[in-house]
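Note sheet for the following structure.
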Amino acid sequence: MLPGPALAGPTEADWAAAVAAVRRLPTGARVLLVCHVNPDGDALGSMLGFGLGLRRLGVRQLQATFPGPPEVPEPLRWLPGLDLLVPAAEAYPDPDLVVCFDAASASRLGELADRLDTAGEALVLDHHASNTGFGRLHLVDPGAAATSVVAEELLGRLDVPLDAEIAACLYVALTTDTGSFRFEATTPAVHQLAARLLATGIRPGDISRQVFDTRPFGAVRLFGEVLGRAVLDCPAAAGHGLVWTYATMDDLVRHDQRPYVLESLIDSVRCTAEADVACVLKQVGPEEWAVSLRSKGAVDVSRVAMALGGGGHRFAAGFTGLGSAQKVLGRIRAELDGALITS
């Protein structure tokens, strides 16, 4: 998978084309917003925040959706704009404009990828360096800490003022992808954006409790079990170390939990002092795994993920692995030495 042409970040011509695509929508135009499968805070928050902005511009035929089961993770079910969501099967088949959020490739759009061809115009908002350049109009900024950074700038160029509802969505997106402002992508500009969002009156303490600090007791027990089977592989990654664990569908059933609760599990694994690379395998089907990779700086895990059919960022990436957990892990381990960061 080769990076697409947008890796240098949007040009002024790119921004102008995106603004024009929205401005020239006729009255009654149908707009479809799409984010990636199993949406996280950045995907869903960016999409809904932008959708609320389009609503303020007067767009009325407006839908938001994502592939797969139409289930929003519990920590995000309070977000403003959820009324825009429709199941993928009910999404406009040939919208006048489709806008994609936080997807590095068309494959991440699942059964909705065909809208890229049937829509009158296709605009992609993203911040993954591994973006393949799909769609026709691109606002892909690998230097942005989150897709919400791109979405907020486009809203500004469309003269949409921030309000508390838009800001809540974008703030969730920003905090989830920066690890509550702990990750390397956190820059002065990120904090300046957070300040603009907070100035609308949103309450960061309440948002953090809902998104990060609330978990069912069953999920606590599940985490304990899965962390108990973690393995430390010190020789991996040329001696920089790998720590990994896995969670099965049976684990979820046994603890009566939904798959979304596992999304934050990687944060508990990556704190291991002896390992640069952390990995969590989450079973999604018979011999099929959603794999999350994290690095503290010695390994470019996006190179590992891209070699195995996925993508992401230098220090946070993922892919879909097929086979047994041990076979998937073997493929990961084989790629680590070649992904060392040398400068």
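Residues are referred to by chain and number: the chain letter is A, B, ... according to the order shown in the structure tokens, the number counts from 1 in that chain, and ligands are numbered separately from 1 in the order shown.
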
Neighbours of Ala168 of chain A within 8 Å (only C-alpha atoms; same-chain residues fewer than 5 positions away dropped), as a compact mmCIF listing (two decimals) with N, CA, C and O atoms, in the first residue's frame?
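The file below, out.txt, is the result:
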```
# COMPACT_ATOMS: atom_id res chain seq x y z
N GLY A 49 -19.49 16.70 14.22
CA GLY A 49 -19.23 18.13 14.36
C GLY A 49 -19.34 18.85 13.02
O GLY A 49 -19.94 19.92 12.93
N LEU A 79 -23.10 12.28 22.32
CA LEU A 79 -22.62 13.32 21.43
C LEU A 79 -23.77 14.05 20.73
O LEU A 79 -24.72 13.43 20.27
N PRO A 80 -23.67 15.37 20.61
CA PRO A 80 -24.64 16.09 19.78
C PRO A 80 -24.55 15.62 18.33
O PRO A 80 -23.49 15.20 17.86
N LEU A 197 -12.29 25.69 21.40
CA LEU A 197 -13.43 24.81 21.66
C LEU A 197 -13.96 25.01 23.08
O LEU A 197 -15.18 25.09 23.30
N ILE A 202 -18.16 24.41 26.71
CA ILE A 202 -18.20 22.97 27.00
C ILE A 202 -17.40 22.69 28.27
O ILE A 202 -16.49 23.44 28.63
```

Quick one: residues within 8 Å of Gly297 of chain A, only C-alpha atoms, excluding same-chain residues fewer than 3 positions away - as a compact mmCIF listing (two decimals) with N, CA, C and O atoms, in the first residue's frame?
```
# COMPACT_ATOMS: atom_id res chain seq x y z
N ASP A 276 9.13 -1.20 23.79
CA ASP A 276 8.83 -0.03 22.97
C ASP A 276 7.51 -0.21 22.24
O ASP A 276 6.76 0.75 22.09
N ASP A 300 8.58 2.51 13.85
CA ASP A 300 7.50 3.13 13.08
C ASP A 300 6.45 2.04 12.83
O ASP A 300 6.55 1.27 11.88
N PHE A 315 3.50 6.17 15.42
CA PHE A 315 3.44 5.62 16.76
C PHE A 315 2.09 5.00 17.13
O PHE A 315 1.90 4.56 18.25
N ILE A 341 13.21 3.10 13.63
CA ILE A 341 13.45 4.51 13.28
C ILE A 341 14.92 4.80 13.53
O ILE A 341 15.42 4.67 14.66
```

Skipping near chain neighbours, those fewer than 3 positions away, what residues fall within 7 Å of Gln257 of chain A using only C-alpha atoms, listed as a PDB file with N, CA, C and O atoms, in the first residue's frame?
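Wrote part25.pdb, looks like this:
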```
ATOM      1  N   GLY A 218     -18.121  -5.209  34.297  1.00  0.00           N
ATOM      2  CA  GLY A 218     -17.757  -6.364  33.485  1.00  0.00           C
ATOM      3  C   GLY A 218     -16.532  -6.095  32.635  1.00  0.00           C
ATOM      4  O   GLY A 218     -15.694  -6.988  32.403  1.00  0.00           O
ATOM      5  N   ALA A 219     -16.389  -4.861  32.161  1.00  0.00           N
ATOM      6  CA  ALA A 219     -15.218  -4.503  31.369  1.00  0.00           C
ATOM      7  C   ALA A 219     -13.964  -4.468  32.233  1.00  0.00           C
ATOM      8  O   ALA A 219     -12.871  -4.840  31.779  1.00  0.00           O
ATOM      9  N   LEU A 252     -15.539 -11.643  25.471  1.00  0.00           N
ATOM     10  CA  LEU A 252     -16.603 -10.643  25.505  1.00  0.00           C
ATOM     11  C   LEU A 252     -17.916 -11.249  25.977  1.00  0.00           C
ATOM     12  O   LEU A 252     -18.634 -10.670  26.802  1.00  0.00           O
ATOM     13  N   VAL A 253     -18.240 -12.427  25.447  1.00  0.00           N
ATOM     14  CA  VAL A 253     -19.488 -13.091  25.835  1.00  0.00           C
ATOM     15  C   VAL A 253     -19.474 -13.438  27.317  1.00  0.00           C
ATOM     16  O   VAL A 253     -20.456 -13.210  28.047  1.00  0.00           O
TER      17      VAL A 253
END
```

**Item:** Residues within 10 Å of Glu90 of chain A, only C-alpha atoms, excluding chain neighbours under 3 positions, as an NGL selection string
**Value:** :A and (63 or 65 or 85-87 or 93)
